[in-house]
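Step one of this worksheet: look at the structure below.
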Amino acid sequence: VLPAVGAALIALGAIFAFLFIGMRGQEADVQILSSDSTEAGAVFTIPIVVRNTSRTTLREGEIAIMLPEGTYLHEGNQSAASPSRVVKKIEDLAPGGQITVELPVRLFGREQEEQKIDVSYLYRPESIRAKFTVRVSKTIIIARVPLTLNWDIPNTLSRGQEAEIKVSYLLNSRLSMNNIALRVEYPPGFSFLSADPKPAFEDSIWNLGTLQPLGEGIITIRGKITGEEGEVKAFRGGLGVFNEFTKNWRAYNETSKEISITVRPLAVEI
């Protein structure tokens, strides 16, 4: 009799464990209620709502938020680079209770680039010792980048002519942007001579530092260009972030300017 009772208890325990564990994650509902898009560098609030949908109190709650690379946390009037993972403790949730956690951030990226936010809610039901997790994600689109870059360069240049290229930039935003760099890619046949101000890395990258709201500036580049008559040359430039240690370049905004090569109207050859 005893072996039969023991076997029955084990079977009941296994069924209970299967049903109980199978229901894990259904005690809580987690939602990210932010908008679907934002402007690069604008303050963007991520509201995270956690609801207790069970009949037991959820204890030892913790929310972990995984943020995209280059995100800044914004508190008060200050912004600072954020770690990739932000953890916040939350209070115990009684049955039917809910809590909202808001995280103000500033997201950066190219126009129409997708930024993914992952949220995990870790909790322990009051009646057991084990902890469980609910995970949700949301994708945010960078709808606009407030950085502009313009070229001041003739549409045609003579072969072998020394040219002066002016690249102007502007931050059309109410908030500053940190660690901004400007990068220029020269076409084949262009020989760099000098620039004002001087580049920070090789002949193509300038560290602009922190751009203030409506901050602007001009970079003047001098060089010579060669090529065949009628050949089209493209100068490309971008504003973004450059890591001097890894040499990694991440562009927020890029533009280009095409010019064509002509022969000089007067030439003497011996």
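By convention here, the chains of the structure tokens are called A, B, ... in the order presented, each chain's residues are numbered starting at 1, and ligands are numbered starting at 1 in the order presented.
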**Report entry** Within 6 Å of Gly237 of chain A using only C-alpha atoms, minus same-chain residues under 6 positions, as JSON, numbers by chain
**Finding:** {"A": [183, 184, 254, 255]}
Per residue of segment 90-156 of chain A within 6 Å of segment 43-63 of chain A, what are the shortest atom pair and its distance in Å to one decimal, counting only C-alpha atoms, with rows by chain and residue number, as a tab-separated table?
residue	atom	partner	partner_atom	distance
A:Ile90	CA	A:Gly61	CA	5.2
A:Asp92	CA	A:Arg59	CA	4.6
A:Leu93	CA	A:Leu58	CA	5.1
A:Ala94	CA	A:Thr57	CA	4.5
A:Pro95	CA	A:Arg55	CA	5.1
A:Gly96	CA	A:Asn52	CA	5.1
A:Gly97	CA	A:Asn52	CA	5.4
A:Gln98	CA	A:Arg51	CA	4.2
A:Ile99	CA	A:Val50	CA	5.4
A:Thr100	CA	A:Val49	CA	4.4
A:Val101	CA	A:Ile48	CA	5.1
A:Glu102	CA	A:Pro47	CA	4.4
A:Leu103	CA	A:Ile46	CA	5.1
A:Pro104	CA	A:Thr45	CA	4.2
A:Val105	CA	A:Phe44	CA	5.2
A:Arg106	CA	A:Val43	CA	5.0
A:Ser120	CA	A:Ile63	CA	5.7
A:Tyr121	CA	A:Ile63	CA	4.7
A:Leu122	CA	A:Glu62	CA	5.1
A:Tyr123	CA	A:Gly61	CA	4.5
A:Arg124	CA	A:Arg59	CA	5.2
A:Pro125	CA	A:Leu58	CA	4.7
A:Glu126	CA	A:Thr57	CA	5.4
Exercise: Met66 of chain A partners within 8 Å, only C-alpha atoms, chain neighbours under 2 positions left out, as a PyMOL selection string = chain A and resi 64+68+84-86+117-119
Residues from last step as file, C-alpha atoms, as a short mmCIF file (atom, residue, chain, number, x, y, z; two decimals), in the first residue's frame:
data_model
loop_
_atom_site.label_atom_id
_atom_site.label_comp_id
_atom_site.auth_asym_id
_atom_site.auth_seq_id
_atom_site.Cartn_x
_atom_site.Cartn_y
_atom_site.Cartn_z
CA ALA A 64 16.30 45.21 -16.50
CA PRO A 68 20.93 50.49 -27.88
CA SER A 84 23.90 49.06 -22.06
CA ARG A 85 21.85 47.56 -19.19
CA VAL A 86 19.87 49.63 -16.67
CA ILE A 117 14.75 48.16 -26.50
CA ASP A 118 14.51 44.92 -24.46
CA VAL A 119 12.84 44.77 -21.04
#
Find the residues near Pro199 of chain A: any atom within 12 Å, counting only C-alpha atoms, skip ones fewer than 2 places away on the same chain, and give them as an mmCIF file with C-alpha atoms, in the first residue's frame.
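Saved file out11.cif follows:
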data_model
loop_
_atom_site.group_PDB
_atom_site.id
_atom_site.type_symbol
_atom_site.label_atom_id
_atom_site.label_comp_id
_atom_site.auth_asym_id
_atom_site.auth_seq_id
_atom_site.Cartn_x
_atom_site.Cartn_y
_atom_site.Cartn_z
ATOM 1 C CA ALA A 181 32.905 64.240 -35.422
ATOM 2 C CA LEU A 182 32.951 65.192 -39.100
ATOM 3 C CA ARG A 183 34.346 62.837 -41.709
ATOM 4 C CA VAL A 184 35.163 63.568 -45.368
ATOM 5 C CA PHE A 192 44.921 66.790 -49.751
ATOM 6 C CA LEU A 193 47.115 69.855 -49.100
ATOM 7 C CA SER A 194 45.800 71.545 -45.937
ATOM 8 C CA ALA A 195 42.705 72.327 -43.886
ATOM 9 C CA ASP A 196 41.479 74.962 -41.462
ATOM 10 C CA PRO A 197 41.012 73.824 -38.765
ATOM 11 C CA PHE A 201 42.854 61.977 -37.493
ATOM 12 C CA GLU A 202 44.724 61.550 -40.777
ATOM 13 C CA ASP A 203 43.361 64.003 -43.366
ATOM 14 C CA SER A 204 39.685 63.168 -43.096
ATOM 15 C CA ILE A 205 38.258 63.350 -39.549
ATOM 16 C CA TRP A 206 37.624 66.409 -37.388
ATOM 17 C CA ASN A 207 36.564 66.194 -33.720
ATOM 18 C CA LEU A 208 33.876 68.821 -33.222
ATOM 19 C CA ILE A 219 35.789 73.420 -42.303
ATOM 20 C CA THR A 220 37.910 74.636 -45.223
ATOM 21 C CA ILE A 221 39.868 72.002 -47.155
#
Residue contacts of Thr148 of chain A (10 Å, only C-alpha atoms) excluding same-chain residues fewer than 3 positions away, as a VMD selection string: chain A and resid 145 168 to 172 216 238 to 239 252 to 255
Exercise for review: Quick one: everything within 12 Å of Lys257 of chain A, counting only C-alpha atoms, minus sequence neighbours fewer than 3 positions away in the same chain. Send it as an MDAnalysis selection string.
Suggested key: chainID A and resid 149:156 165:167 184:187 232:238 254 260
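For the atom pair formed by atom CA of Leu211 of chain A and atom CA of Ala40 of chain A, the distance is 13.7 Å, given to one decimal.
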